[in-house]
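S.K.: Enclosed is the structure file query38.tsv (TSV, C-alpha atoms).
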chain	number	residue	atom	x	y	z
A	114	MET	CA	109.79	200.36	112.86
A	115	GLU	CA	106.25	199.64	111.71
A	116	THR	CA	103.79	201.76	109.78
A	117	PRO	CA	100.09	201.97	110.73
A	118	ILE	CA	99.17	199.75	107.77
A	119	ARG	CA	100.24	196.72	109.78
A	120	GLN	CA	97.28	197.21	112.07
A	121	HIS	CA	94.98	196.52	109.13
A	122	ARG	CA	96.72	193.51	107.65
A	123	LYS	CA	94.34	191.06	109.29
A	124	ILE	CA	91.85	192.29	106.70
A	125	LEU	CA	94.06	190.66	104.04
A	126	ILE	CA	93.78	187.25	105.71
A	127	ASP	CA	90.01	187.60	106.13
A	128	THR	CA	89.70	188.65	102.49
A	129	ILE	CA	91.65	185.71	101.08
A	130	CYS	CA	89.64	183.27	103.23
A	131	ASN	CA	86.35	184.76	102.05
A	132	LYS	CA	87.45	184.65	98.42
A	133	PHE	CA	88.45	181.01	98.81
A	134	THR	CA	85.16	179.86	100.32
A	135	GLU	CA	83.11	181.84	97.82
A	136	TYR	CA	85.03	180.50	94.83
A	137	PHE	CA	85.13	176.86	95.95
A	138	SER	CA	81.45	176.90	96.88
A	139	SER	CA	80.79	177.57	93.18
A	140	PHE	CA	82.23	174.10	92.55
A	141	GLY	CA	79.77	172.65	95.03
A	142	CYS	CA	82.15	172.16	97.95
A	143	ILE	CA	80.30	171.97	101.27
A	144	TRP	CA	81.44	174.12	104.18
A	145	GLU	CA	83.16	172.13	106.95
A	146	ASP	CA	83.19	173.70	110.41
A	147	SER	CA	86.64	174.42	111.81
A	148	VAL	CA	87.72	173.20	115.24
A	149	LEU	CA	89.81	174.65	118.05
A	150	VAL	CA	93.55	174.29	117.53
A	151	SER	CA	93.69	172.69	120.99
A	152	SER	CA	90.58	170.54	120.42
A	153	GLY	CA	92.39	167.20	120.57
A	154	ILE	CA	90.10	165.69	117.92
A	155	ASP	CA	93.15	164.16	116.25
A	156	PRO	CA	95.04	162.02	118.80
A	157	THR	CA	98.09	161.80	116.52
A	158	VAL	CA	98.96	165.50	117.05
A	159	ARG	CA	99.09	167.87	120.03
A	160	PHE	CA	97.57	170.76	118.11
A	161	ILE	CA	95.74	170.98	114.82
A	162	GLY	CA	98.64	171.60	112.44
A	163	SER	CA	96.71	171.02	109.22
A	164	HIS	CA	93.07	170.86	108.20
A	165	ILE	CA	93.60	167.21	107.24
A	166	SER	CA	93.03	166.46	110.93
A	167	VAL	CA	89.45	167.69	110.51
A	168	PHE	CA	89.05	165.79	107.23
A	169	LYS	CA	90.34	162.44	108.53
A	170	LYS	CA	86.82	161.19	109.23
A	171	TYR	CA	86.24	161.14	105.46
A	172	LEU	CA	89.27	158.88	105.10
A	173	ILE	CA	88.06	156.47	107.79
A	174	ASP	CA	84.32	155.89	107.93
A	175	THR	CA	82.41	158.99	106.77
A	176	GLU	CA	81.27	159.33	103.18
A	177	LEU	CA	82.84	162.24	101.33
A	178	PRO	CA	80.20	164.47	99.66
A	179	THR	CA	80.03	164.31	95.86
A	180	ASN	CA	81.75	167.66	95.34
A	181	GLY	CA	83.83	167.53	98.49
A	182	VAL	CA	84.26	169.78	101.50
A	183	MET	CA	86.16	173.01	102.17
A	184	ILE	CA	87.44	174.65	105.33
A	185	VAL	CA	89.20	177.65	106.84
A	186	GLN	CA	91.19	176.25	109.76
A	187	ASP	CA	93.53	177.87	112.26
A	188	CYS	CA	96.65	175.79	112.87
A	189	VAL	CA	99.66	175.69	115.20
A	190	ARG	CA	102.95	173.94	114.48
A	191	THR	CA	105.52	174.09	117.27
A	192	LYS	CA	108.81	173.25	115.50
A	193	ASN	CA	110.10	176.78	116.09
A	194	LEU	CA	109.84	176.36	119.85
A	195	LYS	CA	112.52	173.66	119.87
A	196	ARG	CA	115.10	176.23	118.79
A	197	TYR	CA	114.00	179.23	120.82
A	198	SER	CA	116.83	178.78	123.32
A	199	ASP	CA	119.04	180.22	120.57
A	200	ASP	CA	118.83	184.01	120.38
A	201	GLU	CA	120.25	183.92	116.84
A	202	PHE	CA	117.67	181.49	115.45
A	203	TYR	CA	115.57	183.26	112.83
A	204	PRO	CA	112.28	181.38	112.28
A	205	SER	CA	111.21	181.41	108.66
A	206	TRP	CA	107.60	180.59	109.55
A	207	GLY	CA	105.17	181.47	112.29
A	208	SER	CA	103.90	178.80	114.66
A	209	PHE	CA	100.31	179.99	114.19
A	210	PHE	CA	98.69	180.36	110.77
A	211	THR	CA	95.37	180.02	108.98
A	212	SER	CA	95.06	177.30	106.37
A	213	ILE	CA	92.47	177.13	103.60
A	214	GLY	CA	91.76	173.81	101.96
A	215	ALA	CA	89.42	171.30	100.41
A	216	LEU	CA	88.98	167.54	100.14
A	217	VAL	CA	87.20	166.17	97.07
A	218	PRO	CA	86.66	162.68	95.62
A	219	PHE	CA	89.43	161.43	93.37
A	220	ASN	CA	87.14	161.30	90.33
A	221	GLN	CA	87.05	165.12	90.43
A	222	ILE	CA	90.82	165.40	90.05
A	223	GLU	CA	90.94	167.46	86.86
A	224	GLU	CA	88.08	169.71	87.88
A	225	ILE	CA	89.62	170.56	91.25
A	226	ALA	CA	93.06	171.05	89.68
A	227	ASN	CA	91.64	173.58	87.23
A	228	LEU	CA	89.57	175.25	89.92
A	229	THR	CA	92.61	175.71	92.17
A	230	ILE	CA	94.87	177.08	89.46
A	231	ASN	CA	92.14	179.48	88.33
A	232	PHE	CA	91.68	180.60	91.93
A	233	LEU	CA	95.38	181.45	92.11
A	234	TYR	CA	95.51	183.13	88.69
A	235	SER	CA	92.14	184.86	88.45
A	236	VAL	CA	90.87	185.43	91.99
A	237	LEU	CA	94.17	186.14	93.75
A	238	GLU	CA	95.60	187.71	90.58
A	239	ILE	CA	98.92	185.89	90.78
A	240	LYS	CA	101.03	186.71	87.75
A	241	GLU	CA	101.46	183.89	85.27
A	242	ASN	CA	105.25	183.88	85.45
A	243	ASP	CA	105.32	183.96	89.25
A	244	LEU	CA	103.55	180.63	89.84
A	245	ILE	CA	105.71	177.49	89.83
A	246	LEU	CA	104.55	173.89	90.19
A	247	ARG	CA	107.09	171.58	91.84
A	248	VAL	CA	106.71	167.90	91.00
A	249	ASN	CA	108.65	164.66	91.19
A	250	SER	CA	109.25	162.77	87.94
A	251	LYS	CA	108.18	159.50	89.55
A	252	ASP	CA	104.67	160.89	89.85
A	253	ARG	CA	103.80	160.73	86.17
A	254	ASP	CA	100.10	161.33	86.79
A	255	LEU	CA	100.81	164.50	88.75
A	256	TYR	CA	103.30	165.69	86.17
A	257	ARG	CA	100.75	165.26	83.36
A	258	LEU	CA	98.16	167.07	85.45
A	259	ALA	CA	100.58	169.93	86.12
A	260	GLU	CA	101.14	170.24	82.37
A	261	LYS	CA	97.40	170.44	81.78
A	262	THR	CA	96.72	173.12	84.35
A	263	ILE	CA	99.64	175.57	84.40
A	264	ARG	CA	99.72	178.17	81.65
A	265	ASN	CA	103.49	178.25	81.17
A	266	LYS	CA	104.83	174.68	80.98
A	267	GLU	CA	108.38	175.98	81.53
A	268	LEU	CA	107.37	176.82	85.10
A	269	ILE	CA	107.10	173.16	86.10
A	270	GLU	CA	110.07	172.45	88.37
A	271	VAL	CA	111.05	168.77	88.37
A	272	ASN	CA	113.00	166.91	91.09
A	273	ALA	CA	114.31	170.08	92.74
A	274	LYS	CA	113.68	168.57	96.18
A	275	ASN	CA	114.26	165.16	97.70
A	276	ILE	CA	111.48	162.61	97.39
A	277	GLU	CA	110.12	163.22	100.91
A	278	TYR	CA	109.15	166.73	99.82
A	279	TYR	CA	106.46	165.24	97.56
A	280	ARG	CA	105.16	162.68	100.06
A	281	HIS	CA	102.64	162.94	102.90
A	282	LYS	CA	101.92	160.90	105.99
A	283	ILE	CA	98.85	161.91	107.95
A	284	GLY	CA	98.86	159.55	110.91
A	285	LEU	CA	96.71	156.85	109.29
A	286	GLU	CA	98.54	153.68	108.34
A	287	SER	CA	96.21	152.99	105.42
A	288	VAL	CA	96.50	156.47	103.87
A	289	PHE	CA	99.44	157.85	101.92
A	290	GLY	CA	99.79	161.10	99.95
A	291	ARG	CA	101.67	162.24	96.85
A	292	ASN	CA	101.74	165.86	95.79
A	293	PHE	CA	102.87	168.60	93.55
A	294	ASN	CA	103.61	171.87	95.26
A	295	TYR	CA	102.39	175.36	94.46
A	296	ALA	CA	105.16	177.94	94.85
A	297	LEU	CA	105.55	181.64	94.14
A	298	LEU	CA	108.49	183.66	92.96
A	299	ASN	CA	109.34	186.27	95.56
A	300	ARG	CA	110.39	189.24	93.44
A	301	ILE	CA	112.01	190.98	96.42
A	302	ASN	CA	114.67	188.32	97.06
A	303	GLY	CA	114.34	186.12	93.96
A	304	GLU	CA	113.54	183.02	96.01
A	305	ILE	CA	110.81	180.49	95.23
A	306	GLU	CA	108.58	180.00	98.27
A	307	ASP	CA	105.94	177.35	98.96
A	308	ILE	CA	102.32	178.39	99.29
A	309	GLY	CA	100.55	175.02	99.27
A	310	ASN	CA	100.01	171.53	97.92
A	311	PHE	CA	97.83	169.52	95.55
A	312	ILE	CA	97.78	166.05	97.10
A	313	ILE	CA	96.51	162.69	95.85
A	314	LEU	CA	95.50	160.70	98.92
A	315	GLU	CA	95.60	156.94	98.47
A	316	LYS	CA	93.80	154.57	100.82
A	317	ASN	CA	95.15	151.02	100.90
A	318	GLY	CA	97.03	151.78	97.69
A	319	VAL	CA	93.96	153.03	95.81
A	320	PRO	CA	93.41	156.73	94.96
A	321	HIS	CA	90.69	157.99	97.28
A	322	SER	CA	90.59	161.79	97.26
A	323	ILE	CA	92.34	165.05	96.48
A	324	GLU	CA	93.41	167.48	99.17
A	325	ILE	CA	94.05	171.14	98.44
A	326	ALA	CA	96.09	172.90	101.12
A	327	LEU	CA	97.04	176.59	100.90
A	328	GLY	CA	98.63	178.86	103.51
A	329	THR	CA	97.10	182.32	103.70
A	330	SER	CA	100.01	184.15	105.35
A	331	THR	CA	102.60	182.75	102.92
A	332	ILE	CA	100.55	183.90	99.94
A	333	ILE	CA	99.92	187.33	101.43
A	334	LYS	CA	103.58	187.78	102.37
A	335	ILE	CA	104.71	187.37	98.76
A	336	LEU	CA	101.84	189.21	97.07
A	337	HIS	CA	102.26	192.23	99.32
A	338	SER	CA	106.06	192.14	99.63
A	339	PHE	CA	106.14	191.70	103.39
A	340	SER	CA	109.46	190.78	104.96
A	341	HIS	CA	108.01	187.93	107.03
A	342	VAL	CA	104.80	185.92	107.28
A	343	LEU	CA	104.19	187.35	110.77
A	344	ASP	CA	103.82	190.79	109.22
A	345	CYS	CA	100.34	189.63	108.20
A	346	TYR	CA	99.23	190.02	111.82
A	347	PRO	CA	98.41	193.38	113.44
A	348	LEU	CA	101.05	193.23	116.17
A	349	VAL	CA	103.12	196.41	116.50
A	350	LEU	CA	105.93	196.31	119.08
A	351	GLN	CA	107.88	199.35	120.22
A	352	LEU	CA	111.40	198.24	119.39
A	353	ASN	CA	114.64	200.02	118.59
A	354	GLU	CA	115.89	200.04	115.02
A	355	SER	CA	118.98	198.09	116.10
A	356	VAL	CA	117.06	195.23	117.72
A	357	ASN	CA	118.14	191.67	116.96
A	358	GLU	CA	115.81	190.73	114.09
A	359	ALA	CA	115.77	187.07	115.10
A	360	LEU	CA	114.52	188.01	118.57
A	361	ARG	CA	111.90	190.33	117.09
A	362	ILE	CA	110.41	187.48	115.07
A	363	GLN	CA	110.70	185.07	117.99
A	364	ILE	CA	108.83	187.29	120.45
A	365	GLU	CA	106.16	188.11	117.85
A	366	ASP	CA	105.69	184.42	117.17
A	367	CYS	CA	105.40	183.66	120.88
A	368	ILE	CA	102.90	186.47	121.44
A	369	ILE	CA	100.70	185.55	118.47
A	370	THR	CA	100.72	181.82	119.30
A	371	SER	CA	100.22	182.26	123.06
A	372	SER	CA	97.32	184.63	122.48
A	373	LYS	CA	95.62	182.12	120.19
A	374	LEU	CA	95.99	179.20	122.60
A	375	LEU	CA	94.90	181.24	125.62
A	376	SER	CA	91.86	182.46	123.69
A	377	GLU	CA	90.78	178.82	123.39
A	378	GLY	CA	90.82	178.41	127.16
A	379	LEU	CA	94.17	176.63	127.40
A	380	LEU	CA	96.29	177.61	130.42
A	381	PRO	CA	100.06	177.24	130.89
A	382	SER	CA	101.03	174.48	133.32
A	383	ASN	CA	103.08	171.29	133.62
A	384	LYS	CA	100.07	168.96	133.64
A	385	HIS	CA	99.70	168.08	129.94
A	386	ASN	CA	101.74	168.43	126.75
A	387	ARG	CA	99.57	171.20	125.30
A	388	ASN	CA	99.72	173.20	128.53
A	389	ARG	CA	103.50	172.72	128.80
A	390	ILE	CA	104.00	173.93	125.25
A	391	LEU	CA	101.94	177.06	125.92
A	392	LYS	CA	103.98	177.67	129.07
A	393	LYS	CA	107.21	177.54	127.05
A	394	TYR	CA	105.92	180.13	124.58
A	395	ILE	CA	104.97	182.47	127.43
A	396	LEU	CA	108.28	181.97	129.25
A	397	ARG	CA	110.11	182.81	126.03
A	398	ILE	CA	108.25	186.13	125.88
A	399	ASP	CA	109.65	186.97	129.33
A	400	GLU	CA	113.16	185.88	128.34
A	401	ILE	CA	113.24	188.03	125.21
A	402	LYS	CA	111.66	190.96	127.05
A	403	SER	CA	114.52	190.78	129.56
A	404	THR	CA	117.20	190.30	126.90
A	405	LEU	CA	116.02	193.30	124.88
A	406	GLY	CA	115.31	195.42	127.95
A	407	LEU	CA	111.75	196.07	126.82
A	408	ASN	CA	109.50	198.28	128.88
A	409	GLY	CA	106.89	196.00	130.44
A	410	ASN	CA	104.02	198.48	130.18
A	411	ASN	CA	104.80	199.22	126.53
A	412	LEU	CA	104.85	195.51	125.75
A	413	LEU	CA	101.54	194.95	127.52
A	414	ASN	CA	99.97	197.85	125.64
A	415	SER	CA	101.16	196.42	122.32
A	416	ILE	CA	99.71	193.02	123.20
A	417	PHE	CA	96.43	194.63	124.28
A	418	ASP	CA	96.17	196.55	121.00
A	419	TYR	CA	96.95	193.40	119.01
A	420	GLU	CA	94.37	191.28	120.79
A	421	ILE	CA	91.67	193.93	120.40
A	422	GLU	CA	92.41	194.15	116.68
A	423	GLU	CA	92.82	190.40	116.15
A	424	ARG	CA	90.29	188.81	118.47
A	425	ARG	CA	87.76	191.63	118.93
A	426	ILE	CA	86.29	189.70	121.90
A	427	ASN	CA	88.82	189.47	124.72
A	428	THR	CA	92.48	190.05	125.55
A	429	PRO	CA	93.65	186.71	127.05
A	430	LEU	CA	97.43	187.16	126.83
A	431	PHE	CA	97.27	190.74	128.08
A	432	GLU	CA	95.18	189.68	131.07
A	433	TYR	CA	97.40	186.68	131.83
A	434	LEU	CA	100.69	188.62	131.71
A	435	LYS	CA	99.23	191.54	133.64
A	436	THR	CA	98.14	189.21	136.43
A	437	ASN	CA	100.98	186.70	136.53
A	438	HIS	CA	104.09	188.52	135.29
A	439	LYS	CA	104.81	191.66	137.25
Would you mind writing the structure in this file as structure tokens?

M.R.:
Amino acid sequence: METPIRQHRKILIDTICNKFTEYFSSFGCIWEDSVLVSSGIDPTVRFIGSHISVFKKYLIDTELPTNGVMIVQDCVRTKNLKRYSDDEFYPSWGSFFTSIGALVPFNQIEEIANLTINFLYSVLEIKENDLILRVNSKDRDLYRLAEKTIRNKELIEVNAKNIEYYRHKIGLESVFGRNFNYALLNRINGEIEDIGNFIILEKNGVPHSIEIALGTSTIIKILHSFSHVLDCYPLVLQLNESVNEALRIQIEDCIITSSKLLSEGLLPSNKHNRNRILKKYILRIDEIKSTLGLNGNNLLNSIFDYEIEERRINTPLFEYLKTNHK
């Protein structure tokens, strides 16, 4: 089903991350160290699901540098898992992904807006007519900013989503976000797909900072015409052509996410929420393996190859399944 090129797609994620940090450092953004997805530094979430968790200190009691901070942060969001009892559920997104983002003082709003749009146009070479900005008409300031930054004003999409789509809560009562959304036209299916947000963060009703949040795998999927965001990862399973596509994506998602969490030292158990969630991902691998009648050795070999290519240090999921799942 897969061609050898998939084994090298991780290079695309590394490349886009490197381009981002290089370009935003030219603005003066300071590098912020990433944290483990399972670090627990943000008590409002079980896993780091957005780099805003790492940036929260700048919204509480730490001074934000003059030209802001930037980060490349691995994230896990577990919404898919709630529906993985359904063999027909086709997850549109992967649970694990790498986010690139920045947080800058509000007084740099126009500079960071221009920097971000130029990054998308010039560095990532997104075609002018493929980039859409989605905004709500109630956010007049964001609408005016969108008009200033996008090249083709006709590609501003107004009120296409409900109001919650343009609003952000980050687990701090004093902080509230309003955004316009960056989206790309997928020329394969004609759909418009989100790739990130430009967010004004207000603290106690006063504009405080600007957050840029972009998803690497969503950008790569559209630019390289992949069928799914998980195709950005070098996992190649030996499956029949007739396999249930929903189950293919589910098992890939479970493998990729389990491998990431195990690589951080988390172990499946019933003791804590994070451990229980990991256990559910691993159990779902076994369920789908049984449903599809997959050869256990072939599956282990595919996982081993993926972890060598992706992690380059150890093979945590391979070792766990080899030891615990005969």

S.K.: Taking only C-alpha atoms into account, name the residue in A:Glu224, A:Asp127, A:Asp252, A:Glu286 that is nearest to Val271 (chain A).

M.R.: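 Closest candidate: A:Asp252.
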
S.K.: Using only C-alpha atoms, can you tell me which of A:Ser355, A:Asn317, A:Asn388, A:Thr211 comes closest to Leu343 (chain A)?

M.R.: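 Of A:Ser355, A:Asn317, A:Asn388, A:Thr211, the one nearest Leu343 (chain A), counting only C-alpha atoms, is A:Thr211.
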
S.K.: Between CA of Asn275 (chain A) and CA of Phe311 (chain A), what distance in Å does the model show, to one decimal?

M.R.: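 Those two atoms sit 17.1 Å apart.
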
S.K.: Using only C-alpha atoms, find all polymer residues with an atom at most 8 Å away from the point (100.6, 180.0, 113.0); report them as a PDB file with C-alpha atoms, in the coordinates of the input.

M.R.:
ATOM      1  CA  ASP A 187      93.530 177.870 112.260  1.00  0.00           C
ATOM      2  CA  CYS A 188      96.650 175.790 112.870  1.00  0.00           C
ATOM      3  CA  VAL A 189      99.660 175.690 115.200  1.00  0.00           C
ATOM      4  CA  ARG A 190     102.950 173.940 114.480  1.00  0.00           C
ATOM      5  CA  TRP A 206     107.600 180.590 109.550  1.00  0.00           C
ATOM      6  CA  GLY A 207     105.170 181.470 112.290  1.00  0.00           C
ATOM      7  CA  SER A 208     103.900 178.800 114.660  1.00  0.00           C
ATOM      8  CA  PHE A 209     100.310 179.990 114.190  1.00  0.00           C
ATOM      9  CA  PHE A 210      98.690 180.360 110.770  1.00  0.00           C
ATOM     10  CA  THR A 211      95.370 180.020 108.980  1.00  0.00           C
ATOM     11  CA  ASP A 366     105.690 184.420 117.170  1.00  0.00           C
ATOM     12  CA  ILE A 369     100.700 185.550 118.470  1.00  0.00           C
ATOM     13  CA  THR A 370     100.720 181.820 119.300  1.00  0.00           C
TER      14      THR A 370
END

S.K.: Extending 3 Å beyond the listed atoms of region 224-232 of chain A on each side, what axis-aligned box results? I want centre and edge lengths in Å to one decimal, as AutoDock Vina command-line options.

M.R.:
--center_x 91.5 --center_y 175.2 --center_z 89.7 --size_x 12.8 --size_y 16.9 --size_z 10.9

S.K.: Write out as a ChimeraX atom specification the residues lying within 10 Å of Phe417 (chain A), counting only C-alpha atoms and excluding same-chain residues fewer than 4 positions away.

M.R.: /A:348,411-413,421-423,427-432

S.K.: Which residue, A:Ser152, A:Asn180, A:Gln221, A:Ser330, has the smallest gap to Lys123 (chain A) when you use all atoms listed in the file?

M.R.: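 So, comparing all the options, the nearest one is A:Ser330.
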
S.K.: Write out as number ranges by chain which residues come within 10 Å of Pro218 (chain A) when counting only C-alpha atoms, dropping same-chain ones fewer than 5 positions away.

M.R.: A: 171, 176-182, 225, 313-314, 320-324

S.K.: Could you tell me which of A:Gln186, A:Ser198, A:Ser166, A:Thr329 comes closest to Ile129 (chain A) if we count all atoms listed in the file?

M.R.: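 Of all the options, A:Thr329 lies closest to Ile129 (chain A).
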
S.K.: Go through A:Glu267, A:Asp174, A:Asp155, A:Asp199 and flag the residue nearest Gly284 (chain A), using only C-alpha atoms for the distances.

M.R.: A:Asp155

S.K.: Give the answer as one residue: which of A:Leu360, A:Ala259, A:Ile239, A:Ile161 has the shortest atom-to-atom distance to Ala226 (chain A), using all atoms listed in the file?

M.R.: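 For Ala226 (chain A), the nearest of the given residues is A:Ala259.
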
S.K.: Would you list the residues near (102.0, 177.7, 91.8) (no more than 12 Å away, in the coordinates of the file, using all atoms listed in the file) as a PyMOL selection string?

M.R.: chain A and resi 226+229-234+237-248+259+262-266+268-270+293-299+305-311+327+332

S.K.: I'd like the contact shell of Ala359 (chain A) - 12 Å cut-off, only C-alpha atoms, skipping same-chain residues fewer than 2 positions apart - returned as a PyMOL selection string.

M.R.: chain A and resi 193+196-206+341+355-357+361-366+401+405

S.K.: Please indicate the distance in Å from CA of Ser138 (chain A) to CA of Val288 (chain A), rounded to one decimal place.

M.R.: 26.3 Å

S.K.: Could you model N, CA, C and O atoms for region 155-175 of chain A and present them as a PDB file, keeping the file's coordinate frame?

M.R.:
ATOM      1  N   ASP A 155      92.222 165.054 116.929  1.00  0.00           N
ATOM      2  CA  ASP A 155      93.150 164.160 116.250  1.00  0.00           C
ATOM      3  C   ASP A 155      94.202 163.709 117.266  1.00  0.00           C
ATOM      4  O   ASP A 155      95.102 164.475 117.623  1.00  0.00           O
ATOM      5  N   PRO A 156      94.121 162.481 117.751  1.00  0.00           N
ATOM      6  CA  PRO A 156      95.040 162.020 118.800  1.00  0.00           C
ATOM      7  C   PRO A 156      96.481 161.859 118.330  1.00  0.00           C
ATOM      8  O   PRO A 156      97.374 161.658 119.157  1.00  0.00           O
ATOM      9  N   THR A 157      96.726 161.969 117.029  1.00  0.00           N
ATOM     10  CA  THR A 157      98.090 161.800 116.520  1.00  0.00           C
ATOM     11  C   THR A 157      98.910 163.093 116.612  1.00  0.00           C
ATOM     12  O   THR A 157     100.106 163.080 116.358  1.00  0.00           O
ATOM     13  N   VAL A 158      98.255 164.211 116.949  1.00  0.00           N
ATOM     14  CA  VAL A 158      98.960 165.500 117.050  1.00  0.00           C
ATOM     15  C   VAL A 158      98.543 166.217 118.329  1.00  0.00           C
ATOM     16  O   VAL A 158      97.460 165.987 118.863  1.00  0.00           O
ATOM     17  N   ARG A 159      99.415 167.103 118.818  1.00  0.00           N
ATOM     18  CA  ARG A 159      99.090 167.870 120.030  1.00  0.00           C
ATOM     19  C   ARG A 159      98.180 169.040 119.710  1.00  0.00           C
ATOM     20  O   ARG A 159      97.291 169.383 120.488  1.00  0.00           O
ATOM     21  N   PHE A 160      98.426 169.681 118.580  1.00  0.00           N
ATOM     22  CA  PHE A 160      97.570 170.760 118.110  1.00  0.00           C
ATOM     23  C   PHE A 160      97.196 170.488 116.658  1.00  0.00           C
ATOM     24  O   PHE A 160      97.903 169.772 115.948  1.00  0.00           O
ATOM     25  N   ILE A 161      96.102 171.090 116.221  1.00  0.00           N
ATOM     26  CA  ILE A 161      95.740 170.980 114.820  1.00  0.00           C
ATOM     27  C   ILE A 161      96.797 171.733 114.010  1.00  0.00           C
ATOM     28  O   ILE A 161      96.902 172.954 114.078  1.00  0.00           O
ATOM     29  N   GLY A 162      97.586 170.994 113.240  1.00  0.00           N
ATOM     30  CA  GLY A 162      98.640 171.600 112.440  1.00  0.00           C
ATOM     31  C   GLY A 162      98.316 171.639 110.966  1.00  0.00           C
ATOM     32  O   GLY A 162      99.061 172.197 110.159  1.00  0.00           O
ATOM     33  N   SER A 163      97.169 171.050 110.605  1.00  0.00           N
ATOM     34  CA  SER A 163      96.710 171.020 109.220  1.00  0.00           C
ATOM     35  C   SER A 163      95.231 170.667 109.226  1.00  0.00           C
ATOM     36  O   SER A 163      94.763 169.915 110.087  1.00  0.00           O
ATOM     37  N   HIS A 164      94.502 171.177 108.240  1.00  0.00           N
ATOM     38  CA  HIS A 164      93.070 170.860 108.200  1.00  0.00           C
ATOM     39  C   HIS A 164      92.793 169.397 107.867  1.00  0.00           C
ATOM     40  O   HIS A 164      91.666 168.932 108.012  1.00  0.00           O
ATOM     41  N   ILE A 165      93.828 168.639 107.492  1.00  0.00           N
ATOM     42  CA  ILE A 165      93.600 167.210 107.240  1.00  0.00           C
ATOM     43  C   ILE A 165      93.135 166.503 108.505  1.00  0.00           C
ATOM     44  O   ILE A 165      92.433 165.489 108.444  1.00  0.00           O
ATOM     45  N   SER A 166      93.504 167.048 109.666  1.00  0.00           N
ATOM     46  CA  SER A 166      93.030 166.460 110.930  1.00  0.00           C
ATOM     47  C   SER A 166      91.502 166.486 110.999  1.00  0.00           C
ATOM     48  O   SER A 166      90.876 165.555 111.505  1.00  0.00           O
ATOM     49  N   VAL A 167      90.903 167.566 110.510  1.00  0.00           N
ATOM     50  CA  VAL A 167      89.450 167.690 110.510  1.00  0.00           C
ATOM     51  C   VAL A 167      88.824 166.795 109.453  1.00  0.00           C
ATOM     52  O   VAL A 167      87.713 166.276 109.624  1.00  0.00           O
ATOM     53  N   PHE A 168      89.554 166.585 108.358  1.00  0.00           N
ATOM     54  CA  PHE A 168      89.050 165.790 107.230  1.00  0.00           C
ATOM     55  C   PHE A 168      89.252 164.283 107.405  1.00  0.00           C
ATOM     56  O   PHE A 168      88.757 163.496 106.600  1.00  0.00           O
ATOM     57  N   LYS A 169      89.994 163.869 108.403  1.00  0.00           N
ATOM     58  CA  LYS A 169      90.340 162.440 108.530  1.00  0.00           C
ATOM     59  C   LYS A 169      89.125 161.528 108.586  1.00  0.00           C
ATOM     60  O   LYS A 169      89.182 160.380 108.148  1.00  0.00           O
ATOM     61  N   LYS A 170      88.027 162.027 109.137  1.00  0.00           N
ATOM     62  CA  LYS A 170      86.820 161.190 109.230  1.00  0.00           C
ATOM     63  C   LYS A 170      86.371 160.714 107.856  1.00  0.00           C
ATOM     64  O   LYS A 170      85.809 159.616 107.720  1.00  0.00           O
ATOM     65  N   TYR A 171      86.629 161.530 106.812  1.00  0.00           N
ATOM     66  CA  TYR A 171      86.240 161.140 105.460  1.00  0.00           C
ATOM     67  C   TYR A 171      87.181 160.088 104.877  1.00  0.00           C
ATOM     68  O   TYR A 171      86.876 159.473 103.858  1.00  0.00           O
ATOM     69  N   LEU A 172      88.313 159.898 105.530  1.00  0.00           N
ATOM     70  CA  LEU A 172      89.270 158.880 105.100  1.00  0.00           C
ATOM     71  C   LEU A 172      89.118 157.596 105.913  1.00  0.00           C
ATOM     72  O   LEU A 172      89.792 156.606 105.632  1.00  0.00           O
ATOM     73  N   ILE A 173      88.246 157.634 106.914  1.00  0.00           N
ATOM     74  CA  ILE A 173      88.060 156.470 107.790  1.00  0.00           C
ATOM     75  C   ILE A 173      86.703 155.830 107.569  1.00  0.00           C
ATOM     76  O   ILE A 173      86.592 154.743 107.004  1.00  0.00           O
ATOM     77  N   ASP A 174      85.637 156.541 107.980  1.00  0.00           N
ATOM     78  CA  ASP A 174      84.320 155.890 107.930  1.00  0.00           C
ATOM     79  C   ASP A 174      83.173 156.808 107.543  1.00  0.00           C
ATOM     80  O   ASP A 174      82.018 156.404 107.587  1.00  0.00           O
ATOM     81  N   THR A 175      83.468 158.054 107.167  1.00  0.00           N
ATOM     82  CA  THR A 175      82.410 158.990 106.770  1.00  0.00           C
ATOM     83  C   THR A 175      82.465 159.213 105.270  1.00  0.00           C
ATOM     84  O   THR A 175      83.542 159.432 104.707  1.00  0.00           O
TER      85      THR A 175
END
